[in-house]
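Structure file my_file.pdb; described as PDB, C-alpha atoms.
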ATOM      1  CA  MET A   1     -10.357  15.683  11.233  1.00  0.00           C
ATOM      2  CA  LEU A   2      -9.290  12.811   8.989  1.00  0.00           C
ATOM      3  CA  ASP A   3      -7.401  13.506   5.768  1.00  0.00           C
ATOM      4  CA  ILE A   4      -8.524  11.038   3.097  1.00  0.00           C
ATOM      5  CA  ILE A   5      -7.150  10.786  -0.433  1.00  0.00           C
ATOM      6  CA  THR A   6      -9.548   9.239  -2.954  1.00  0.00           C
ATOM      7  CA  SER A   7      -9.577   8.484  -6.677  1.00  0.00           C
ATOM      8  CA  PRO A   8     -12.577   9.001  -8.959  1.00  0.00           C
ATOM      9  CA  HIS A   9     -11.459   5.932 -10.883  1.00  0.00           C
ATOM     10  CA  LEU A  10     -12.319   3.621  -7.956  1.00  0.00           C
ATOM     11  CA  SER A  11     -15.886   4.892  -7.896  1.00  0.00           C
ATOM     12  CA  PRO A  12     -18.437   3.730  -6.869  1.00  0.00           C
ATOM     13  CA  MET A  13     -16.504   1.691  -4.306  1.00  0.00           C
ATOM     14  CA  LYS A  14     -16.076   3.555  -1.022  1.00  0.00           C
ATOM     15  CA  HIS A  15     -12.352   3.833  -0.303  1.00  0.00           C
ATOM     16  CA  GLY A  16      -9.583   6.026   1.027  1.00  0.00           C
ATOM     17  CA  PHE A  17      -5.835   6.397   1.328  1.00  0.00           C
ATOM     18  CA  PHE A  18      -5.676   7.832   4.859  1.00  0.00           C
ATOM     19  CA  SER A  19      -2.888  10.208   5.852  1.00  0.00           C
ATOM     20  CA  ARG A  20      -1.549  10.421   9.430  1.00  0.00           C
ATOM     21  CA  LYS A  21      -3.747  13.411  10.258  1.00  0.00           C
ATOM     22  CA  GLY A  22      -6.684  13.211  12.652  1.00  0.00           C
ATOM     23  CA  GLY A  23      -5.540  10.346  14.881  1.00  0.00           C
ATOM     24  CA  ALA A  24      -5.200   9.721  18.610  1.00  0.00           C
ATOM     25  CA  SER A  25      -1.556   8.597  18.727  1.00  0.00           C
ATOM     26  CA  SER A  26       1.160  10.785  20.227  1.00  0.00           C
ATOM     27  CA  GLY A  27       4.938  11.132  20.283  1.00  0.00           C
ATOM     28  CA  ILE A  28       6.735   9.665  17.276  1.00  0.00           C
ATOM     29  CA  PHE A  29       3.422   8.063  16.241  1.00  0.00           C
ATOM     30  CA  HIS A  30       1.556  11.384  16.341  1.00  0.00           C
ATOM     31  CA  GLY A  31      -1.581  11.025  14.267  1.00  0.00           C
ATOM     32  CA  LEU A  32      -3.569   8.172  12.751  1.00  0.00           C
ATOM     33  CA  ASN A  33      -1.253   5.205  13.358  1.00  0.00           C
ATOM     34  CA  CYS A  34      -3.257   2.115  12.369  1.00  0.00           C
ATOM     35  CA  GLY A  35      -0.496  -0.467  12.821  1.00  0.00           C
ATOM     36  CA  PRO A  36      -1.134  -3.024  15.581  1.00  0.00           C
ATOM     37  CA  GLY A  37       2.404  -4.298  14.975  1.00  0.00           C
ATOM     38  CA  SER A  38       3.937  -1.005  16.082  1.00  0.00           C
ATOM     39  CA  THR A  39       4.999  -0.230  19.673  1.00  0.00           C
ATOM     40  CA  ASP A  40       2.363   2.489  19.913  1.00  0.00           C
ATOM     41  CA  GLN A  41      -0.202   2.266  22.702  1.00  0.00           C
ATOM     42  CA  ALA A  42      -2.684  -0.429  21.717  1.00  0.00           C
ATOM     43  CA  ALA A  43      -5.660   1.672  22.820  1.00  0.00           C
ATOM     44  CA  ALA A  44      -4.610   4.500  20.494  1.00  0.00           C
ATOM     45  CA  VAL A  45      -4.306   2.124  17.525  1.00  0.00           C
ATOM     46  CA  VAL A  46      -7.763   0.668  18.260  1.00  0.00           C
ATOM     47  CA  MET A  47      -9.210   4.182  18.449  1.00  0.00           C
ATOM     48  CA  ASN A  48      -7.545   5.183  15.183  1.00  0.00           C
ATOM     49  CA  ARG A  49      -8.850   2.138  13.366  1.00  0.00           C
ATOM     50  CA  ALA A  50     -12.339   2.808  14.747  1.00  0.00           C
ATOM     51  CA  ARG A  51     -12.170   6.323  13.268  1.00  0.00           C
ATOM     52  CA  VAL A  52     -11.249   4.841   9.876  1.00  0.00           C
ATOM     53  CA  ALA A  53     -14.117   2.344  10.115  1.00  0.00           C
ATOM     54  CA  ARG A  54     -16.542   5.129  10.976  1.00  0.00           C
ATOM     55  CA  ALA A  55     -15.383   7.136   7.949  1.00  0.00           C
ATOM     56  CA  LEU A  56     -16.164   4.105   5.767  1.00  0.00           C
ATOM     57  CA  GLU A  57     -19.517   3.534   7.497  1.00  0.00           C
ATOM     58  CA  ILE A  58     -18.691   0.065   8.809  1.00  0.00           C
ATOM     59  CA  GLU A  59     -18.206  -1.553  12.206  1.00  0.00           C
ATOM     60  CA  PRO A  60     -14.555  -1.810  13.373  1.00  0.00           C
ATOM     61  CA  GLU A  61     -14.555  -5.602  13.096  1.00  0.00           C
ATOM     62  CA  ALA A  62     -15.369  -5.328   9.376  1.00  0.00           C
ATOM     63  CA  LEU A  63     -12.112  -3.417   8.765  1.00  0.00           C
ATOM     64  CA  LEU A  64      -9.731  -6.239   7.871  1.00  0.00           C
ATOM     65  CA  SER A  65      -5.952  -6.080   7.785  1.00  0.00           C
ATOM     66  CA  LEU A  66      -3.111  -8.574   7.500  1.00  0.00           C
ATOM     67  CA  HIS A  67       0.091  -9.694   9.158  1.00  0.00           C
ATOM     68  CA  GLN A  68       2.204  -8.392   6.275  1.00  0.00           C
ATOM     69  CA  TYR A  69       5.683  -9.772   5.666  1.00  0.00           C
ATOM     70  CA  HIS A  70       6.717  -8.805   2.111  1.00  0.00           C
ATOM     71  CA  SER A  71       5.335 -12.011   0.621  1.00  0.00           C
ATOM     72  CA  THR A  72       3.313 -12.666  -2.526  1.00  0.00           C
ATOM     73  CA  ASP A  73       0.527 -14.428  -0.608  1.00  0.00           C
ATOM     74  CA  VAL A  74      -3.117 -13.460  -1.147  1.00  0.00           C
ATOM     75  CA  VAL A  75      -6.124 -14.428   0.986  1.00  0.00           C
ATOM     76  CA  THR A  76      -9.829 -14.304   0.161  1.00  0.00           C
ATOM     77  CA  ALA A  77     -12.038 -12.737   2.833  1.00  0.00           C
ATOM     78  CA  THR A  78     -15.609 -13.925   3.285  1.00  0.00           C
ATOM     79  CA  LYS A  79     -16.214 -12.686   6.840  1.00  0.00           C
ATOM     80  CA  PRO A  80     -14.405 -10.752   9.592  1.00  0.00           C
ATOM     81  CA  TRP A  81     -11.471 -12.639  11.096  1.00  0.00           C
ATOM     82  CA  ALA A  82     -10.324 -12.774  14.704  1.00  0.00           C
ATOM     83  CA  THR A  83      -6.640 -13.256  13.864  1.00  0.00           C
ATOM     84  CA  ARG A  84      -4.848 -11.467  11.047  1.00  0.00           C
ATOM     85  CA  PRO A  85      -3.652 -14.011   8.464  1.00  0.00           C
ATOM     86  CA  LYS A  86      -0.054 -13.829   7.198  1.00  0.00           C
ATOM     87  CA  ALA A  87      -0.273 -12.429   3.672  1.00  0.00           C
ATOM     88  CA  ASP A  88       0.327  -9.228   1.742  1.00  0.00           C
ATOM     89  CA  ALA A  89      -2.863  -8.963  -0.264  1.00  0.00           C
ATOM     90  CA  MET A  90      -6.532  -9.833   0.018  1.00  0.00           C
ATOM     91  CA  VAL A  91      -9.660  -9.896  -2.102  1.00  0.00           C
ATOM     92  CA  THR A  92     -13.363 -10.156  -1.430  1.00  0.00           C
ATOM     93  CA  ALA A  93     -16.783 -10.243  -3.052  1.00  0.00           C
ATOM     94  CA  THR A  94     -18.592 -10.033   0.301  1.00  0.00           C
ATOM     95  CA  PRO A  95     -20.613  -6.843   0.841  1.00  0.00           C
ATOM     96  CA  GLY A  96     -19.819  -4.941   4.037  1.00  0.00           C
ATOM     97  CA  LEU A  97     -16.172  -5.972   4.301  1.00  0.00           C
ATOM     98  CA  ALA A  98     -13.356  -3.433   4.047  1.00  0.00           C
ATOM     99  CA  LEU A  99      -9.815  -4.388   3.040  1.00  0.00           C
ATOM    100  CA  GLY A 100      -7.073  -2.387   4.773  1.00  0.00           C
ATOM    101  CA  ILE A 101      -3.394  -2.319   3.792  1.00  0.00           C
ATOM    102  CA  LEU A 102      -0.726  -0.854   6.103  1.00  0.00           C
ATOM    103  CA  THR A 103       2.301   0.968   4.687  1.00  0.00           C
ATOM    104  CA  ALA A 104       5.061   3.418   5.566  1.00  0.00           C
ATOM    105  CA  ASP A 105       6.867   3.844   2.189  1.00  0.00           C
ATOM    106  CA  CYS A 106       5.844   0.656   0.359  1.00  0.00           C
ATOM    107  CA  ALA A 107       3.040   0.987  -2.166  1.00  0.00           C
ATOM    108  CA  PRO A 108      -0.580   0.384  -1.117  1.00  0.00           C
ATOM    109  CA  VAL A 109      -2.645  -0.713  -4.116  1.00  0.00           C
ATOM    110  CA  LEU A 110      -6.452  -0.747  -4.141  1.00  0.00           C
ATOM    111  CA  PHE A 111      -8.295  -2.711  -6.847  1.00  0.00           C
ATOM    112  CA  SER A 112     -11.896  -2.561  -8.041  1.00  0.00           C
ATOM    113  CA  ASP A 113     -14.071  -4.330 -10.583  1.00  0.00           C
ATOM    114  CA  PRO A 114     -17.384  -2.496 -10.133  1.00  0.00           C
ATOM    115  CA  GLN A 115     -19.227  -4.690 -12.621  1.00  0.00           C
ATOM    116  CA  ALA A 116     -18.369  -7.970 -10.878  1.00  0.00           C
ATOM    117  CA  LYS A 117     -18.449  -6.268  -7.444  1.00  0.00           C
ATOM    118  CA  VAL A 118     -15.031  -7.642  -6.516  1.00  0.00           C
ATOM    119  CA  ILE A 119     -12.323  -5.648  -4.734  1.00  0.00           C
ATOM    120  CA  GLY A 120      -8.727  -6.224  -3.710  1.00  0.00           C
ATOM    121  CA  ALA A 121      -5.915  -4.583  -1.757  1.00  0.00           C
ATOM    122  CA  ALA A 122      -2.178  -5.264  -1.830  1.00  0.00           C
ATOM    123  CA  HIS A 123       0.994  -4.224  -0.022  1.00  0.00           C
ATOM    124  CA  SER A 124       3.785  -3.943  -2.569  1.00  0.00           C
ATOM    125  CA  GLY A 125       7.368  -3.082  -1.827  1.00  0.00           C
ATOM    126  CA  TRP A 126      10.025  -3.943  -4.384  1.00  0.00           C
ATOM    127  CA  LYS A 127      10.177  -7.563  -3.206  1.00  0.00           C
ATOM    128  CA  GLY A 128       6.447  -8.054  -3.604  1.00  0.00           C
ATOM    129  CA  ALA A 129       6.351  -6.303  -6.960  1.00  0.00           C
ATOM    130  CA  LEU A 130       9.131  -8.482  -8.342  1.00  0.00           C
ATOM    131  CA  GLY A 131       7.731 -11.639  -6.773  1.00  0.00           C
ATOM    132  CA  GLY A 132       4.231 -11.265  -8.188  1.00  0.00           C
ATOM    133  CA  VAL A 133       1.979 -10.037  -5.376  1.00  0.00           C
ATOM    134  CA  LEU A 134       0.105  -7.764  -7.788  1.00  0.00           C
ATOM    135  CA  GLU A 135      -0.470 -10.477 -10.381  1.00  0.00           C
ATOM    136  CA  ASN A 136      -1.509 -12.892  -7.621  1.00  0.00           C
ATOM    137  CA  THR A 137      -4.060 -10.366  -6.385  1.00  0.00           C
ATOM    138  CA  LEU A 138      -5.519 -10.083  -9.876  1.00  0.00           C
ATOM    139  CA  GLU A 139      -5.706 -13.873 -10.200  1.00  0.00           C
ATOM    140  CA  ALA A 140      -7.547 -14.075  -6.883  1.00  0.00           C
ATOM    141  CA  MET A 141      -9.996 -11.422  -8.070  1.00  0.00           C
ATOM    142  CA  LYS A 142     -10.553 -13.352 -11.288  1.00  0.00           C
ATOM    143  CA  SER A 143     -11.400 -16.457  -9.239  1.00  0.00           C
ATOM    144  CA  LEU A 144     -14.255 -14.429  -7.735  1.00  0.00           C
ATOM    145  CA  GLY A 145     -15.560 -13.424 -11.153  1.00  0.00           C
ATOM    146  CA  ALA A 146     -13.612 -10.236 -11.907  1.00  0.00           C
ATOM    147  CA  ASP A 147     -12.550  -9.413 -15.460  1.00  0.00           C
ATOM    148  CA  PRO A 148      -9.109  -7.750 -15.918  1.00  0.00           C
ATOM    149  CA  GLU A 149     -10.570  -5.483 -18.603  1.00  0.00           C
ATOM    150  CA  ASN A 150     -12.870  -3.999 -15.942  1.00  0.00           C
ATOM    151  CA  ILE A 151     -10.321  -3.726 -13.108  1.00  0.00           C
ATOM    152  CA  THR A 152      -8.880  -0.415 -11.948  1.00  0.00           C
ATOM    153  CA  ALA A 153      -5.854  -0.332  -9.634  1.00  0.00           C
ATOM    154  CA  ILE A 154      -4.798   2.838  -7.833  1.00  0.00           C
ATOM    155  CA  VAL A 155      -1.413   3.127  -6.124  1.00  0.00           C
ATOM    156  CA  GLY A 156      -1.548   5.297  -3.026  1.00  0.00           C
ATOM    157  CA  PRO A 157       1.068   7.335  -1.152  1.00  0.00           C
ATOM    158  CA  THR A 158       4.472   5.687  -1.436  1.00  0.00           C
ATOM    159  CA  ILE A 159       8.115   6.712  -1.502  1.00  0.00           C
ATOM    160  CA  SER A 160       8.979   8.559  -4.705  1.00  0.00           C
ATOM    161  CA  GLN A 161      12.039   8.093  -6.876  1.00  0.00           C
ATOM    162  CA  LYS A 162      13.657  11.343  -5.732  1.00  0.00           C
ATOM    163  CA  ALA A 163      13.605  10.082  -2.125  1.00  0.00           C
ATOM    164  CA  TYR A 164      14.582   6.431  -2.688  1.00  0.00           C
ATOM    165  CA  GLU A 165      18.364   6.239  -2.882  1.00  0.00           C
ATOM    166  CA  VAL A 166      19.918   2.775  -3.204  1.00  0.00           C
ATOM    167  CA  GLY A 167      23.369   1.332  -3.727  1.00  0.00           C
ATOM    168  CA  PRO A 168      24.990  -0.347  -6.735  1.00  0.00           C
ATOM    169  CA  ASP A 169      24.297  -3.867  -5.418  1.00  0.00           C
ATOM    170  CA  PHE A 170      20.559  -3.169  -5.386  1.00  0.00           C
ATOM    171  CA  PHE A 171      20.749  -1.869  -8.952  1.00  0.00           C
ATOM    172  CA  GLU A 172      22.797  -4.826 -10.177  1.00  0.00           C
ATOM    173  CA  ASP A 173      20.410  -7.362  -8.625  1.00  0.00           C
ATOM    174  CA  PHE A 174      17.493  -5.727 -10.427  1.00  0.00           C
ATOM    175  CA  ILE A 175      19.243  -5.631 -13.772  1.00  0.00           C
ATOM    176  CA  ALA A 176      20.174  -9.295 -13.368  1.00  0.00           C
ATOM    177  CA  GLU A 177      16.454 -10.028 -13.047  1.00  0.00           C
ATOM    178  CA  ASP A 178      15.609  -8.082 -16.220  1.00  0.00           C
ATOM    179  CA  PRO A 179      17.895  -5.607 -18.050  1.00  0.00           C
ATOM    180  CA  GLY A 180      14.789  -3.638 -18.969  1.00  0.00           C
ATOM    181  CA  PHE A 181      14.374  -2.687 -15.313  1.00  0.00           C
ATOM    182  CA  SER A 182      17.083  -0.060 -15.833  1.00  0.00           C
ATOM    183  CA  ARG A 183      14.213   2.295 -16.732  1.00  0.00           C
ATOM    184  CA  PHE A 184      13.317   2.454 -13.030  1.00  0.00           C
ATOM    185  CA  PHE A 185      16.649   3.951 -11.983  1.00  0.00           C
ATOM    186  CA  ALA A 186      18.177   7.428 -12.283  1.00  0.00           C
ATOM    187  CA  SER A 187      21.652   8.636 -11.381  1.00  0.00           C
ATOM    188  CA  GLY A 188      22.191   9.822  -7.815  1.00  0.00           C
ATOM    189  CA  ARG A 189      25.146  11.015  -5.765  1.00  0.00           C
ATOM    190  CA  GLY A 190      28.417   9.196  -6.357  1.00  0.00           C
ATOM    191  CA  ASP A 191      27.695   5.519  -6.970  1.00  0.00           C
ATOM    192  CA  ARG A 192      24.139   5.832  -5.638  1.00  0.00           C
ATOM    193  CA  VAL A 193      21.029   5.583  -7.814  1.00  0.00           C
ATOM    194  CA  GLN A 194      17.413   6.613  -7.338  1.00  0.00           C
ATOM    195  CA  PHE A 195      14.829   3.813  -7.551  1.00  0.00           C
ATOM    196  CA  ASP A 196      11.301   4.358  -8.902  1.00  0.00           C
ATOM    197  CA  LEU A 197       9.068   2.056  -6.835  1.00  0.00           C
ATOM    198  CA  PRO A 198       5.719   3.467  -8.035  1.00  0.00           C
ATOM    199  CA  GLY A 199       6.992   3.208 -11.603  1.00  0.00           C
ATOM    200  CA  LEU A 200       7.786  -0.489 -11.150  1.00  0.00           C
ATOM    201  CA  VAL A 201       4.398  -1.161  -9.539  1.00  0.00           C
ATOM    202  CA  LEU A 202       2.522   0.624 -12.335  1.00  0.00           C
ATOM    203  CA  HIS A 203       4.551  -1.269 -14.931  1.00  0.00           C
ATOM    204  CA  ARG A 204       3.624  -4.628 -13.411  1.00  0.00           C
ATOM    205  CA  LEU A 205      -0.043  -3.656 -13.205  1.00  0.00           C
ATOM    206  CA  ARG A 206      -0.214  -2.429 -16.790  1.00  0.00           C
ATOM    207  CA  GLU A 207       1.630  -5.489 -18.083  1.00  0.00           C
ATOM    208  CA  ALA A 208      -1.073  -7.592 -16.406  1.00  0.00           C
ATOM    209  CA  GLY A 209      -3.604  -6.092 -18.820  1.00  0.00           C
ATOM    210  CA  ILE A 210      -6.009  -4.323 -16.486  1.00  0.00           C
ATOM    211  CA  ALA A 211      -8.229  -1.430 -17.552  1.00  0.00           C
ATOM    212  CA  ARG A 212      -6.456   1.332 -15.604  1.00  0.00           C
ATOM    213  CA  ALA A 213      -3.464   1.728 -13.282  1.00  0.00           C
ATOM    214  CA  GLU A 214      -2.491   5.088 -11.770  1.00  0.00           C
ATOM    215  CA  TRP A 215      -0.520   6.554  -8.840  1.00  0.00           C
ATOM    216  CA  THR A 216      -1.954   9.339  -6.693  1.00  0.00           C
ATOM    217  CA  GLY A 217       1.461  11.048  -6.846  1.00  0.00           C
ATOM    218  CA  HIS A 218       1.990  11.441  -3.086  1.00  0.00           C
ATOM    219  CA  CYS A 219       5.481  10.809  -1.627  1.00  0.00           C
ATOM    220  CA  THR A 220       5.509   9.466   1.926  1.00  0.00           C
ATOM    221  CA  TYR A 221       9.143  10.392   2.618  1.00  0.00           C
ATOM    222  CA  SER A 222       8.900  14.012   1.502  1.00  0.00           C
ATOM    223  CA  ASP A 223       5.841  15.060   3.540  1.00  0.00           C
ATOM    224  CA  ALA A 224       6.381  14.372   7.250  1.00  0.00           C
ATOM    225  CA  GLU A 225       3.308  16.361   8.270  1.00  0.00           C
ATOM    226  CA  ARG A 226       1.029  14.149   6.240  1.00  0.00           C
ATOM    227  CA  PHE A 227       2.628  10.697   6.019  1.00  0.00           C
ATOM    228  CA  TYR A 228       4.617   8.161   8.008  1.00  0.00           C
ATOM    229  CA  SER A 229       7.848   6.914   6.431  1.00  0.00           C
ATOM    230  CA  TYR A 230      10.050   4.007   7.454  1.00  0.00           C
ATOM    231  CA  ARG A 231      13.037   5.450   5.594  1.00  0.00           C
ATOM    232  CA  ARG A 232      12.622   8.911   7.120  1.00  0.00           C
ATOM    233  CA  THR A 233      12.364   7.326  10.573  1.00  0.00           C
ATOM    234  CA  THR A 234      15.547   5.354   9.928  1.00  0.00           C
ATOM    235  CA  HIS A 235      17.411   8.467   8.820  1.00  0.00           C
ATOM    236  CA  ALA A 236      16.230  10.253  11.983  1.00  0.00           C
ATOM    237  CA  SER A 237      17.346   7.293  14.197  1.00  0.00           C
ATOM    238  CA  GLU A 238      13.865   6.995  15.705  1.00  0.00           C
ATOM    239  CA  VAL A 239      12.946   3.710  17.381  1.00  0.00           C
ATOM    240  CA  ASP A 240       9.682   3.035  15.517  1.00  0.00           C
ATOM    241  CA  TYR A 241       7.226   4.522  13.040  1.00  0.00           C
ATOM    242  CA  GLY A 242       3.502   4.738  12.386  1.00  0.00           C
ATOM    243  CA  ARG A 243       1.632   2.872   9.686  1.00  0.00           C
ATOM    244  CA  LEU A 244      -0.714   4.489   7.190  1.00  0.00           C
ATOM    245  CA  ILE A 245      -3.857   2.636   6.205  1.00  0.00           C
ATOM    246  CA  SER A 246      -5.425   2.392   2.734  1.00  0.00           C
ATOM    247  CA  VAL A 247      -8.893   0.883   2.557  1.00  0.00           C
ATOM    248  CA  ILE A 248     -11.533  -0.171   0.029  1.00  0.00           C
ATOM    249  CA  ARG A 249     -14.919  -1.673   0.842  1.00  0.00           C
ATOM    250  CA  LEU A 250     -17.920  -3.234  -0.814  1.00  0.00           C
TER     251      LEU A 250
END
Step by step, read the file and then write its structure as C-alpha cells.
Amino acid sequence: MLDIITSPHLSPMKHGFFSRKGGASSGIFHGLNCGPGSTDQAAAVVMNRARVARALEIEPEALLSLHQYHSTDVVTATKPWATRPKADAMVTATPGLALGILTADCAPVLFSDPQAKVIGAAHSGWKGALGGVLENTLEAMKSLGADPENITAIVGPTISQKAYEVGPDFFEDFIAEDPGFSRFFASGRGDRVQFDLPGLVLHRLREAGIARAEWTGHCTYSDAERFYSYRRTTHASEVDYGRLISVIRL
C-alpha cells in the first residue's frame, strides 16, 4: 500500500509526496523507487511509476519527470514528452498532466495557484536554492497567468538540519554569498556545522512574496523505513540509492 503525504494547503490540486513504501523494487532499492536514472531494474521502476500514476488517476505517460542536474532551468509542459528534458523544475496549465520531482535528500517543492489553475514542481538542493530555481519556477508560473499572492508552495521530505553536517569551507562559501545566511547554520561537532536546507528553501520562497510556504517536517535521512537518502547511502557505503517522487497534477 502506498504511503502518501499531502498538504491541505495545496487543495484542490491532487498531489502527493510519496514515501518509499508500497513499491516493487528490492534490495537496496526496496520500495517505491521512481528514479529511471538509478541502477534499479527498469521494469521495477516502470511498475512503481505506474502505481504513482494510478494513485493520481492518470495514465503513466501523463506523469512527467525531468533529467535533473542541480540547475536553475525550468520547462513548461503542454503535453506528455517522450524524452525527459534537462531541467530541475517545470510548470503547466494543461489539465491532465502531473509534474513529478525526484529526490533523495534535496527538497521537492510543489506549487499551486488554484485560481489561475497553474501548478509547478521544483527540485531544490542548496545549489538550486542559491542559484534561483525557486524564483525561476515562480516566474514561469506567472508567464502562464499565476499570481504570486495566490501561490502556495509546500516543501516535502528533505534532509533536516540535525542530519546535514558540513565542513567549514561550505559554511564560509555561504557566508561569502550573504552574511545573513549564517541563520541557516548551527554548531556541530568540532569544526563541523549543521546546515538547514529546508530553512533556506522556505526563506527564498517567502522572500519571493508568495501567499504561503511551508515544510511538511519530514527528514529523509532520519527515517530509513520511510524515505530514501543519498547521504545515508553514502555513509553506509552502498553503491546506489532509490529516488522518492513528489507529484502535483491539474
Notebook entry, point to check: Can you list, as a ChimeraX atom specification, the residues that the PyMOL selection byres ((chain A and resi 250) around 6) selects here?
Noted result: /A:95-96,249
Next item on the list: Carefully work through the PyMOL selection byres ((chain A and resi 160) around 8) for this structure and note down the residues it includes, as an NGL selection string.
Entry: :A and (158-159 or 161-164 or 196-198 or 218-221)
Next item on the list: For CA of Val74 (chain A) and CA of Pro114 (chain A), determine how far apart the two atoms are, in Å to one decimal place.
Entry: 20.1 Å
Next item on the list: Using only C-alpha atoms, find the one residue out of A:Arg20, A:Ala211, A:Gly167, A:Gly199 that sits nearest to Ser187 (chain A).
Entry: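 Of all the options, A:Gly167 lies closest to Ser187 (chain A).
Our summary of the geometry notes that CA of Gly23 (chain A) is positioned 18.9 Å from CA of Asp105 (chain A).
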Next item on the list: Would you mind telling me which residue in A:Arg189, A:His70, A:Lys142, A:Arg226 lies nearest to Asp88 (chain A) when using only C-alpha atoms?
Entry: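 Counting only C-alpha atoms, the residue closest to Asp88 (chain A) is A:His70.
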Next item on the list: Go through the shown structure with the PyMOL selection byres ((chain A and resi 123-136) around 8) and write out the matching residues as an MDAnalysis selection string.
Entry: chainID A and resid 68 70:74 88:89 101:103 106:109 121:122 137:140 197 200:201 204:205 208
Checklist line | Surrounding residues of region 7-14 of chain A excluding itself and chain neighbours under 5 positions, 8 Å, all atoms listed in the file, as an MDAnalysis selection string | finding: chainID A and resid 56 111:112 114 152:154 216 248:250
